[in-house]
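*Asks:* Structure file upload01.tsv (TSV, C-alpha atoms) is given on the next line.
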chain	number	residue	atom	x	y	z
T	47	MET	CA	15.86	-3.83	5.34
T	48	SER	CA	14.67	-6.07	2.50
T	49	GLY	CA	16.72	-6.29	-0.67
T	50	LEU	CA	13.52	-6.51	-2.72
T	51	GLN	CA	12.75	-3.42	-4.78
T	52	ALA	CA	9.34	-2.76	-6.31
T	53	ILE	CA	10.56	0.61	-7.61
T	54	ARG	CA	13.94	1.46	-9.12
T	55	TYR	CA	14.59	5.12	-9.80
T	56	SER	CA	17.27	7.53	-10.89
T	57	ARG	CA	16.49	11.01	-12.18
T	58	GLY	CA	14.92	10.66	-15.61
T	59	LYS	CA	14.39	6.89	-15.35
T	60	LEU	CA	11.73	4.89	-13.48
T	61	GLU	CA	11.41	1.10	-13.47
T	62	VAL	CA	8.51	-0.69	-11.78
T	63	LEU	CA	8.46	-4.38	-10.91
T	64	ASP	CA	5.55	-6.11	-12.68
T	65	GLN	CA	3.91	-7.80	-9.70
T	66	LEU	CA	1.47	-9.72	-11.88
T	67	ARG	CA	4.40	-11.88	-12.99
T	68	LEU	CA	5.48	-12.74	-9.45
T	69	PRO	CA	6.37	-15.07	-7.82
T	70	HIS	CA	7.78	-16.90	-10.84
T	71	GLU	CA	9.32	-14.09	-12.87
T	72	HIS	CA	11.19	-10.86	-12.06
T	73	HIS	CA	10.45	-8.26	-14.74
T	74	TYR	CA	10.71	-4.47	-14.54
T	75	ASP	CA	8.61	-2.20	-16.76
T	76	GLU	CA	10.09	1.15	-17.70
T	77	VAL	CA	7.65	3.95	-16.90
T	78	SER	CA	8.35	7.20	-18.70
T	79	THR	CA	4.94	8.90	-19.01
T	80	SER	CA	1.85	9.56	-16.93
T	81	GLU	CA	-0.09	7.20	-19.18
T	82	GLU	CA	2.34	4.37	-18.44
T	83	ALA	CA	2.20	5.15	-14.72
T	84	PHE	CA	-1.62	5.16	-14.85
T	85	ASP	CA	-1.71	1.80	-16.63
T	86	SER	CA	0.80	0.26	-14.22
T	87	ILE	CA	-1.37	1.32	-11.26
T	88	LYS	CA	-4.78	0.54	-12.77
T	89	SER	CA	-3.73	-2.93	-13.94
T	90	MET	CA	-2.21	-3.61	-10.49
T	91	ARG	CA	1.24	-4.31	-11.86
T	92	VAL	CA	2.14	-2.01	-8.98
T	93	ARG	CA	-0.09	-1.87	-5.91
T	94	GLY	CA	0.00	-0.82	-2.27
T	95	ALA	CA	-1.00	2.69	-1.24
T	96	PRO	CA	2.54	4.08	-0.72
T	97	ALA	CA	3.90	2.53	-3.93
T	98	ILE	CA	0.96	3.83	-5.96
T	99	ALA	CA	1.64	7.39	-4.81
T	100	ILE	CA	5.37	7.05	-5.51
T	101	VAL	CA	4.90	5.67	-9.03
T	102	ALA	CA	2.36	8.36	-9.92
T	103	ALA	CA	4.58	11.16	-8.58
T	104	LEU	CA	7.79	9.88	-10.16
T	105	GLY	CA	6.11	8.83	-13.41
T	106	HIS	CA	5.07	12.41	-14.07
T	107	GLY	CA	8.45	13.61	-12.81
T	108	VAL	CA	10.23	11.49	-15.42
T	109	GLU	CA	8.14	12.87	-18.28
T	110	LEU	CA	8.76	16.42	-17.02
T	111	HIS	CA	12.50	15.73	-16.84
T	112	ASN	CA	12.38	14.41	-20.42
T	113	GLY	CA	10.72	17.56	-21.76
T	114	SER	CA	7.00	16.79	-21.92
T	115	CYS	CA	6.02	20.29	-20.79
T	116	LYS	CA	6.06	22.44	-23.94
T	117	VAL	CA	4.38	25.58	-22.55
T	118	SER	CA	6.25	28.82	-21.90
T	119	THR	CA	4.65	30.63	-18.93
T	120	THR	CA	4.63	29.64	-15.27
T	121	ASP	CA	0.82	29.66	-15.09
T	122	GLU	CA	0.64	27.30	-18.07
T	123	THR	CA	3.27	25.05	-16.46
T	124	ILE	CA	1.25	24.76	-13.27
T	125	SER	CA	-1.92	24.08	-15.28
T	126	TYR	CA	-0.12	21.34	-17.21
T	127	ILE	CA	1.16	19.68	-14.03
T	128	ASP	CA	-2.30	19.94	-12.44
T	129	SER	CA	-3.94	18.26	-15.43
T	130	ARG	CA	-1.49	15.34	-15.37
T	131	LEU	CA	-1.88	14.83	-11.64
T	132	ASP	CA	-5.69	14.98	-11.88
T	133	TYR	CA	-5.49	12.27	-14.53
T	134	LEU	CA	-3.24	10.08	-12.36
T	135	LYS	CA	-5.59	10.47	-9.38
T	136	LEU	CA	-8.24	8.48	-11.26
T	137	SER	CA	-6.04	5.35	-11.39
T	138	ARG	CA	-6.92	4.14	-7.85
T	139	PRO	CA	-9.37	6.51	-6.12
T	140	THR	CA	-9.56	4.67	-2.76
T	141	ALA	CA	-5.84	4.98	-1.94
T	142	VAL	CA	-5.52	8.22	0.04
T	143	ASP	CA	-1.71	8.31	-0.23
T	144	LEU	CA	-2.16	9.14	-3.90
T	145	THR	CA	-4.52	12.02	-3.14
T	146	ASN	CA	-2.24	13.36	-0.40
T	147	ALA	CA	0.83	13.16	-2.65
T	148	ILE	CA	-0.99	15.01	-5.42
T	149	THR	CA	-2.15	17.72	-3.01
T	150	HIS	CA	1.41	18.12	-1.74
T	151	LEU	CA	2.88	18.33	-5.25
T	152	LYS	CA	0.30	20.89	-6.37
T	153	THR	CA	1.12	23.01	-3.32
T	154	THR	CA	4.86	22.68	-3.99
T	155	VAL	CA	4.71	24.04	-7.55
T	156	ARG	CA	2.66	27.00	-6.36
T	157	THR	CA	5.23	28.05	-3.75
T	158	VAL	CA	8.20	28.37	-6.15
T	159	ASP	CA	9.60	31.90	-6.34
T	160	VAL	CA	9.22	32.85	-10.01
T	161	LEU	CA	8.95	36.60	-9.55
T	162	GLY	CA	10.08	38.29	-12.74
T	163	LYS	CA	10.29	34.95	-14.60
T	164	GLU	CA	6.59	34.39	-15.19
T	165	ASN	CA	6.87	34.49	-18.98
T	166	ASP	CA	10.17	32.81	-19.70
T	167	ALA	CA	11.75	29.35	-19.63
T	168	ALA	CA	13.61	30.02	-16.38
T	169	GLY	CA	10.35	30.25	-14.43
T	170	ARG	CA	8.96	27.12	-16.08
T	171	ASP	CA	12.16	25.18	-15.38
T	172	ALA	CA	12.21	26.27	-11.72
T	173	ILE	CA	8.71	24.88	-11.23
T	174	ILE	CA	9.61	21.62	-12.97
T	175	TYR	CA	12.76	21.24	-10.86
T	176	ALA	CA	10.77	21.85	-7.67
T	177	TYR	CA	8.22	19.23	-8.70
T	178	ILE	CA	10.87	16.59	-9.44
T	179	ALA	CA	12.66	17.26	-6.14
T	180	ALA	CA	9.39	16.95	-4.20
T	181	ALA	CA	8.50	13.68	-5.95
T	182	GLU	CA	11.94	12.26	-5.17
T	183	GLU	CA	11.51	13.29	-1.53
T	184	ILE	CA	8.21	11.33	-1.33
T	185	PHE	CA	10.15	8.26	-2.50
T	186	ARG	CA	13.03	8.75	-0.06
T	187	LYS	CA	10.87	9.53	2.94
T	188	ASP	CA	8.69	6.44	2.52
T	189	THR	CA	11.53	4.07	3.44
T	190	GLU	CA	12.31	6.08	6.56
T	191	THR	CA	8.62	6.05	7.47
T	192	ASN	CA	8.37	2.27	7.10
T	193	LEU	CA	11.33	1.61	9.37
T	194	LEU	CA	9.77	3.80	12.05
T	195	ILE	CA	6.42	2.01	11.73
T	196	GLY	CA	8.21	-1.31	12.10
T	197	GLY	CA	9.92	-0.18	15.28
T	198	TYR	CA	6.87	1.39	16.92
T	199	GLY	CA	4.57	-1.47	15.94
T	200	SER	CA	6.79	-4.31	17.13
T	201	LYS	CA	7.42	-2.56	20.48
T	202	TRP	CA	3.69	-1.93	21.06
T	203	LEU	CA	2.73	-5.50	20.24
T	204	LEU	CA	5.35	-7.01	22.54
T	205	GLU	CA	4.12	-4.76	25.34
T	206	ASN	CA	0.44	-5.57	24.74
T	207	ALA	CA	0.45	-9.13	23.37
T	208	PRO	CA	-2.27	-11.34	24.86
T	209	THR	CA	0.05	-14.34	24.59
T	210	LYS	CA	3.79	-14.98	24.21
T	211	SER	CA	6.09	-17.99	24.19
T	212	ALA	CA	8.32	-18.69	27.18
T	213	ASP	CA	11.14	-16.84	25.43
T	214	GLY	CA	8.94	-13.84	24.59
T	215	LYS	CA	8.09	-14.60	20.96
T	216	VAL	CA	4.76	-14.02	19.22
T	217	SER	CA	3.05	-15.20	16.06
T	218	VAL	CA	0.96	-12.96	13.83
T	219	LEU	CA	-1.30	-13.15	10.79
T	220	THR	CA	-1.25	-10.64	7.95
T	221	HIS	CA	-3.53	-10.02	4.97
T	222	CYS	CA	-2.80	-8.88	1.41
T	223	ASN	CA	0.71	-7.53	0.75
T	224	THR	CA	2.18	-4.65	2.73
T	225	GLY	CA	5.89	-5.24	2.35
T	226	SER	CA	8.70	-4.01	0.14
T	227	LEU	CA	6.54	-4.73	-2.90
T	228	ALA	CA	3.86	-2.28	-1.69
T	229	THR	CA	6.23	0.50	-0.64
T	230	SER	CA	9.69	1.87	-1.31
T	231	GLY	CA	11.13	-0.74	1.05
T	232	HIS	CA	10.64	-2.67	4.35
T	233	GLY	CA	6.85	-2.25	4.34
T	234	THR	CA	4.13	-1.25	6.79
T	235	ALA	CA	2.33	-4.26	8.32
T	236	LEU	CA	4.94	-6.61	6.88
T	237	GLY	CA	7.52	-4.12	8.08
T	238	ILE	CA	6.37	-4.75	11.66
T	239	ILE	CA	6.76	-8.48	11.03
T	240	ARG	CA	10.24	-7.89	9.61
T	241	SER	CA	11.17	-5.83	12.68
T	242	LEU	CA	9.89	-8.56	15.02
T	243	HIS	CA	11.86	-11.17	13.11
T	244	SER	CA	15.11	-9.21	12.95
T	245	ALA	CA	14.96	-8.62	16.72
T	246	GLY	CA	14.34	-12.32	17.44
T	247	HIS	CA	10.77	-11.82	18.69
T	248	LEU	CA	8.80	-13.53	15.91
T	249	TYR	CA	7.79	-17.16	16.32
T	250	HIS	CA	5.78	-17.52	13.11
T	251	ALA	CA	4.02	-15.44	10.47
T	252	PHE	CA	0.81	-16.58	8.80
T	253	CYS	CA	-0.39	-14.96	5.59
T	254	THR	CA	-3.73	-15.22	3.85
T	255	GLU	CA	-4.06	-16.07	0.17
T	256	THR	CA	-6.04	-12.80	-0.27
T	257	ARG	CA	-8.58	-13.55	-2.94
T	258	PRO	CA	-9.42	-12.67	-5.62
T	259	TYR	CA	-6.07	-11.23	-6.73
T	260	ASN	CA	-3.95	-13.46	-4.49
T	261	GLN	CA	-1.60	-10.74	-3.27
T	262	GLY	CA	-0.94	-12.85	-0.18
T	263	SER	CA	-0.02	-16.07	-1.95
T	264	ARG	CA	1.76	-14.40	-4.88
T	265	LEU	CA	3.52	-11.55	-3.10
T	266	THR	CA	3.57	-11.81	0.71
T	267	ALA	CA	4.48	-15.50	0.66
T	268	PHE	CA	7.22	-14.64	-1.85
T	269	GLU	CA	8.61	-11.92	0.44
T	270	LEU	CA	8.49	-14.14	3.53
T	271	VAL	CA	10.32	-16.98	1.81
T	272	TYR	CA	12.81	-14.53	0.28
T	273	GLU	CA	13.61	-13.18	3.77
T	274	ASN	CA	13.74	-16.66	5.38
T	275	ILE	CA	10.99	-15.66	7.82
T	276	PRO	CA	9.20	-18.71	9.31
T	277	SER	CA	5.80	-18.59	7.67
T	278	THR	CA	2.69	-20.46	6.56
T	279	LEU	CA	0.13	-19.66	3.86
T	280	ILE	CA	-3.59	-20.19	4.48
T	281	THR	CA	-6.74	-19.44	2.49
T	282	ASP	CA	-8.80	-16.45	3.61
T	283	SER	CA	-11.55	-18.75	4.91
T	284	MET	CA	-9.16	-20.65	7.21
T	285	ALA	CA	-8.44	-17.76	9.59
T	286	GLY	CA	-11.21	-18.62	12.05
T	287	ALA	CA	-10.09	-22.25	12.21
T	288	LEU	CA	-6.48	-21.11	12.68
T	289	PHE	CA	-7.39	-18.87	15.62
T	290	ALA	CA	-9.61	-21.52	17.20
T	291	THR	CA	-7.20	-24.45	16.94
T	292	LYS	CA	-3.66	-23.08	16.65
T	293	LYS	CA	-3.64	-19.94	18.80
T	294	ALA	CA	-2.19	-21.49	21.95
T	295	GLU	CA	0.50	-23.66	20.37
T	296	ASN	CA	1.73	-20.82	18.14
T	297	ASN	CA	1.23	-17.95	20.61
T	298	LEU	CA	-0.88	-16.14	18.03
T	299	ALA	CA	-1.05	-12.59	19.35
T	300	ALA	CA	-2.26	-10.31	16.58
T	301	VAL	CA	-3.57	-9.64	13.12
T	302	ILE	CA	-1.50	-6.91	11.46
T	303	VAL	CA	-2.77	-5.23	8.29
T	304	GLY	CA	-2.01	-2.18	6.20
T	305	ALA	CA	-4.46	0.47	5.06
T	306	ASP	CA	-5.49	2.18	1.87
T	307	ARG	CA	-7.35	4.83	3.85
T	308	VAL	CA	-7.84	5.56	7.56
T	309	VAL	CA	-10.48	8.22	8.16
T	310	ARG	CA	-10.77	10.65	11.04
T	311	ASN	CA	-12.53	8.35	13.53
T	312	GLY	CA	-10.25	5.39	12.76
T	313	ASP	CA	-12.50	3.44	10.37
T	314	THR	CA	-10.14	1.78	7.91
T	315	ALA	CA	-10.48	0.81	4.26
T	316	ASN	CA	-8.18	-2.02	3.31
T	317	LYS	CA	-8.12	-5.06	1.03
T	318	VAL	CA	-11.47	-6.86	1.09
T	319	GLY	CA	-11.43	-9.52	3.80
T	320	THR	CA	-9.84	-7.26	6.41
T	321	TYR	CA	-13.20	-6.62	8.11
T	322	THR	CA	-13.77	-10.37	8.48
T	323	LEU	CA	-10.36	-10.82	10.09
T	324	ALA	CA	-11.08	-7.99	12.55
T	325	VAL	CA	-14.31	-9.66	13.68
T	326	LEU	CA	-12.52	-12.99	14.11
T	327	ALA	CA	-9.63	-11.39	15.98
T	328	LYS	CA	-12.05	-9.71	18.39
T	329	TYR	CA	-13.87	-12.96	19.10
T	330	HIS	CA	-10.66	-14.93	19.66
T	331	GLY	CA	-8.89	-12.30	21.77
T	332	LEU	CA	-6.15	-11.29	19.31
T	333	LYS	CA	-4.97	-7.73	18.91
T	334	PHE	CA	-5.93	-6.07	15.63
T	335	ILE	CA	-3.30	-3.62	14.41
T	336	VAL	CA	-3.43	-1.26	11.43
T	337	ALA	CA	-0.03	-0.11	10.14
T	338	ALA	CA	-0.39	3.14	8.20
T	339	PRO	CA	1.81	6.15	7.49
T	340	THR	CA	0.18	9.48	8.27
T	341	THR	CA	-0.11	9.99	4.51
T	342	SER	CA	-2.77	7.24	4.57
T	343	ILE	CA	-4.86	9.09	7.18
T	344	ASP	CA	-7.74	11.09	5.70
T	345	LEU	CA	-8.87	13.71	8.19
T	346	GLN	CA	-11.40	15.24	5.83
T	347	THR	CA	-13.57	12.11	5.78
T	348	GLU	CA	-15.16	11.73	9.20
T	349	THR	CA	-16.27	8.08	9.08
T	350	GLY	CA	-15.97	5.01	6.88
T	351	ALA	CA	-19.38	5.72	5.38
T	352	GLY	CA	-17.73	8.45	3.30
T	353	ILE	CA	-15.13	6.17	1.66
T	354	LYS	CA	-15.61	5.41	-2.01
T	355	ILE	CA	-15.00	1.71	-2.59
T	356	GLU	CA	-13.55	0.72	-5.94
T	357	GLU	CA	-15.31	-2.17	-7.70
T	358	ARG	CA	-13.26	-4.21	-10.12
T	359	LYS	CA	-14.06	-6.32	-13.15
T	360	PRO	CA	-15.84	-9.71	-12.78
T	361	GLU	CA	-13.08	-11.65	-14.53
T	362	GLU	CA	-10.80	-11.19	-11.53
T	363	LEU	CA	-13.14	-13.52	-9.67
T	364	THR	CA	-14.05	-15.96	-12.45
T	365	GLN	CA	-10.68	-16.36	-14.15
T	366	ILE	CA	-7.06	-16.72	-13.07
T	367	SER	CA	-3.66	-16.64	-14.75
T	368	GLY	CA	-0.53	-18.49	-13.74
T	369	ALA	CA	2.61	-20.25	-14.84
T	370	VAL	CA	2.05	-23.76	-16.15
T	371	VAL	CA	3.00	-26.74	-13.98
T	372	GLY	CA	4.42	-29.54	-16.11
T	373	LYS	CA	3.75	-33.26	-15.77
T	374	ASP	CA	7.00	-33.51	-13.83
T	375	GLY	CA	5.63	-31.10	-11.20
T	376	LYS	CA	8.00	-28.28	-12.16
T	377	VAL	CA	6.85	-24.72	-12.85
T	378	ASP	CA	7.47	-23.59	-16.43
T	379	VAL	CA	7.79	-19.79	-16.17
T	380	SER	CA	7.96	-19.48	-19.95
T	381	ARG	CA	4.35	-20.65	-20.27
T	382	THR	CA	1.40	-18.74	-18.79
T	383	GLU	CA	-2.21	-19.78	-19.14
T	384	ARG	CA	-5.51	-18.18	-18.18
T	385	VAL	CA	-8.23	-20.53	-16.94
T	386	ALA	CA	-11.86	-20.15	-15.90
T	387	THR	CA	-12.62	-20.91	-12.25
T	388	ALA	CA	-16.38	-20.24	-12.37
T	389	HIS	CA	-19.24	-20.23	-14.83
T	390	GLN	CA	-18.69	-17.13	-16.93
T	391	ALA	CA	-22.40	-16.21	-16.86
T	392	ILE	CA	-22.58	-15.82	-13.08
T	393	HIS	CA	-23.13	-12.31	-11.77
T	394	VAL	CA	-20.15	-11.02	-9.78
T	395	TRP	CA	-19.73	-8.42	-7.04
T	396	ASN	CA	-16.04	-7.59	-6.69
T	397	PRO	CA	-15.26	-4.73	-4.28
T	398	ALA	CA	-11.53	-4.20	-3.94
T	399	PHE	CA	-11.79	-3.03	-0.32
T	400	ASP	CA	-13.95	-3.22	2.77
T	401	VAL	CA	-14.17	-0.89	5.75
T	402	THR	CA	-13.25	-2.10	9.24
T	403	PRO	CA	-15.00	-0.10	12.00
T	404	ALA	CA	-12.73	1.66	14.47
T	405	GLU	CA	-14.28	-0.26	17.38
T	406	LEU	CA	-12.63	-3.46	16.09
T	407	ILE	CA	-9.16	-1.91	15.82
T	408	ASP	CA	-6.81	-1.86	18.82
T	409	ALA	CA	-4.03	0.34	17.47
T	410	VAL	CA	-3.05	2.39	14.44
T	411	VAL	CA	0.73	2.46	14.05
T	412	THR	CA	2.21	5.46	12.24
T	413	GLU	CA	5.74	6.74	11.71
T	414	ARG	CA	5.08	9.24	14.52
T	415	GLY	CA	3.92	6.73	17.10
T	416	VAL	CA	1.06	4.42	18.03
T	417	VAL	CA	-2.49	5.75	18.37
T	418	VAL	CA	-4.98	3.79	20.48
T	419	LYS	CA	-8.69	4.30	20.96
T	420	GLY	CA	-10.04	6.84	23.38
T	421	ALA	CA	-12.86	6.29	25.86
T	422	ASP	CA	-15.44	6.98	23.14
T	423	GLY	CA	-14.12	4.11	21.02
T	424	SER	CA	-12.63	6.29	18.28
T	425	PHE	CA	-9.11	7.40	17.47
T	426	ASP	CA	-7.67	10.87	17.94
T	427	PHE	CA	-4.89	11.54	15.45
T	428	LYS	CA	-4.25	15.08	16.60
T	429	GLY	CA	-1.11	14.06	18.50
T	430	VAL	CA	0.62	12.46	15.50
T	431	MET	CA	-0.38	15.03	12.88
T	432	PRO	CA	-1.11	18.31	14.70
T	433	GLU	CA	-0.53	20.61	11.71
T	434	ARG	CA	-2.93	18.81	9.39
T	435	TRP	CA	-5.41	18.36	12.22
T	436	ALA	CA	-5.42	22.12	12.83
T	437	GLN	CA	-5.85	22.82	9.10
T	438	VAL	CA	-8.67	20.33	8.55
T	439	VAL	CA	-10.46	19.93	11.87
T	440	GLY	CA	-9.44	23.17	13.52
T	441	LEU	CA	-9.86	21.99	17.09
Go ahead and express the file in the form of structure tokens.

*Replies:*
Amino acid sequence: MSGLQAIRYSRGKLEVLDQLRLPHEHHYDEVSTSEEAFDSIKSMRVRGAPAIAIVAALGHGVELHNGSCKVSTTDETISYIDSRLDYLKLSRPTAVDLTNAITHLKTTVRTVDVLGKENDAAGRDAIIYAYIAAAEEIFRKDTETNLLIGGYGSKWLLENAPTKSADGKVSVLTHCNTGSLATSGHGTALGIIRSLHSAGHLYHAFCTETRPYNQGSRLTAFELVYENIPSTLITDSMAGALFATKKAENNLAAVIVGADRVVRNGDTANKVGTYTLAVLAKYHGLKFIVAAPTTSIDLQTETGAGIKIEERKPEELTQISGAVVGKDGKVDVSRTERVATAHQAIHVWNPAFDVTPAELIDAVVTERGVVVKGADGSFDFKGVMPERWAQVVGL
């Protein structure tokens, strides 16, 4: 598993890697309140659906551990926790992992046995302890989940790849960042790539720049180089040319992406540009794989039409920040400048995500196995999450 850590945690202390400073600078922000967790998520110093949920859950856990809850009764304690979690939910509304984590934590604090302790500190402390333990379990379980996704996804691709080298290797393209920097470790889509590489089955990994926030060039390229994985960076608009001219010589077999939200029929919200890649993959005969933990699957929303898409500020498209390159060609990490890349009066539309229709997706890889489309062209997640399916869908 990768040695990179986006999140460092011990009880009472949370540190989050500031991903806006990568790839040139490693800096951890200490997060000790819900406000600091909210700002870290909203500003995209931390991003990736699993990591967002972890930082929100642990951020509130740290402030609870440090005595932020001043109420005395158990009902007031639950109300306080609810209010903080509701606030944190607003930081990135599209990422369903955050919603699912909040729902789980709210359920947890309501199932604590506080009989006879409703009006004293013992009952309050029992609820707080239960919350912190549940938040820590979300963090621990994510790494286990990612390793399983990597194993299932690499096996499925090797069994279903449209092309392979003579020695059984494949190349893939990925979009945005779905690795250790987006999770507690290993990653989802990038986790599959890591698993292919560690088993000797990866020929080459291509990553997109991922405009406008450049998560691919800043973060995924950084992870790939850090891990010594053979890799090449392209702009988002080069994918079609890559598939058309380099597929055969590189044994390009698949596009592998993560997901911020997969709804009941398999429609998937992910970083804007994913939909384009799915159309191109279909035309050029590549497999299109979504890597998503079951926490990213939203059974309550039936189709992609029900997904709320976050729109971000225009300056993300018209301006850019980066370390200064000196006249000698060397990067000076001590100097950062912000420059305009477009006329500042131009109107901007900047959706953070798009929705890829289920019909363009070949497989959704979860920690409980791989789900493929049925005869009707949609996905049935009942087999990988039967309890939640029964609760939500009831069939």

*Asks:* Report, in Å to a single decimal, how far apart atom CA of Glu82 of chain T and atom CA of Leu50 of chain T are.

*Replies:*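 Atom CA of Leu50 of chain T sits 22.1 Å away from atom CA of Glu82 of chain T.
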
*Asks:* Of the candidates T:His243, T:Arg264, T:Lys359, T:Lys292, which one gets nearest to Gln65 of chain T if we count only C-alpha atoms?

*Replies:* T:Arg264

*Asks:* Under the rule that all atoms listed in the file are counted, which of T:Thr340, T:Thr314, T:Thr145, T:Asn192 is the nearest residue to Gly352 of chain T?

*Replies:*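 Once distances to Gly352 of chain T are computed over all atoms listed in the file, the minimum belongs to T:Thr314.
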
*Asks:* Could you please determine the separation between atom CA of Asp64 of chain T and atom CA of Gly233 of chain T in Å, to one decimal place?

*Replies:*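 It comes out at 17.5 Å.
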
*Asks:* Please determine, counting all atoms listed in the file, which residue among T:Ile343, T:Val377, T:Ile335, T:Ile392 has the shortest atom-to-atom distance to His70 of chain T.

*Replies:*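 The shortest atom-to-atom distance to His70 of chain T comes from T:Val377.
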
*Asks:* So, with all atoms listed in the file as the atoms that count, which of T:Glu357, T:Asp171, T:Ala299, T:Val142 lies closest to Gly214 of chain T?

*Replies:*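 Result for the nearest residue to Gly214 of chain T: T:Ala299.
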
*Asks:* May I ask which of the residues T:Gln346, T:Ser211, T:Thr234, T:Thr229 is the closest one to Gln437 of chain T, counting all atoms listed in the file?

*Replies:*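 That would be T:Gln346, the residue with the smallest distance to Gln437 of chain T.
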
*Asks:* Find the residues around Leu60 of chain T up to 8 Å (all atoms listed in the file counted), leave out those fewer than 6 positions away in its own chain, and share them as a list of chain:residue names.

*Replies:* T:Ile53, T:Arg54, T:Glu76, T:Val77, T:Ser78, T:Leu104, T:Gly105, T:Val108

*Asks:* Would you please work out which residue, of T:Val430, T:Val379, T:Ala99, T:Cys115, is nearest to Arg170 of chain T when using all atoms listed in the file?

*Replies:*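 Result for the nearest residue to Arg170 of chain T: T:Cys115.
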
*Asks:* Would you list the residues near (-14.8, 15.6, 6.7) (no more than 12 Å away, in the coordinates of the file, using all atoms listed in the file) as a VMD selection string?

*Replies:* chain T and resid 309 to 311 343 to 353 435 437 to 440

*Asks:* Atom CA of His232 of chain T and atom CA of Arg93 of chain T are how many Å apart?

*Replies:*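 Between atom CA of His232 of chain T and atom CA of Arg93 of chain T the gap works out to 14.9 Å.
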
*Asks:* Considering all atoms listed in the file, return as a list in words whatever protein or nucleic-acid residues lie within 10 Å of Asp159 of chain T, sequence-local ones (same chain, fewer than 4 positions apart) excluded.

*Replies:*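 Neighbouring residues, sequence-local ones excluded: Val155, Lys163, Glu164, Gly169, Ala172 and Ile173 of chain T.
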
*Asks:* Residues of the last selection are to be written out with C-alpha atoms, as a PDB file, keeping the file's coordinate frame.

*Replies:*
ATOM      1  CA  VAL T 155       4.710  24.040  -7.550  1.00  0.00           C
ATOM      2  CA  LYS T 163      10.290  34.950 -14.600  1.00  0.00           C
ATOM      3  CA  GLU T 164       6.590  34.390 -15.190  1.00  0.00           C
ATOM      4  CA  GLY T 169      10.350  30.250 -14.430  1.00  0.00           C
ATOM      5  CA  ALA T 172      12.210  26.270 -11.720  1.00  0.00           C
ATOM      6  CA  ILE T 173       8.710  24.880 -11.230  1.00  0.00           C
TER       7      ILE T 173
END

*Asks:* Give me the residues near Lys419 of chain T as a tab-separated table (two decimals) with C-alpha atoms, in the frame of the given file, where near means some atom within 8 Å (using all atoms listed in the file) and where sequence neighbours in that chain fewer than 4 positions away do not count.

*Replies:*
chain	number	residue	atom	x	y	z
T	408	ASP	CA	-6.81	-1.86	18.82
T	409	ALA	CA	-4.03	0.34	17.47
T	423	GLY	CA	-14.12	4.11	21.02
T	424	SER	CA	-12.63	6.29	18.28
T	425	PHE	CA	-9.11	7.40	17.47
T	426	ASP	CA	-7.67	10.87	17.94

*Asks:* Do a neighbour search on Ala285 of chain T at 12 Å with all atoms listed in the file, toss out local chain neighbours closer than 4 positions, and write the hits as a VMD selection string.

*Replies:* chain T and resid 218 to 221 252 to 256 278 to 281 289 to 293 298 300 to 301 319 to 320 322 to 327 329 to 330 332
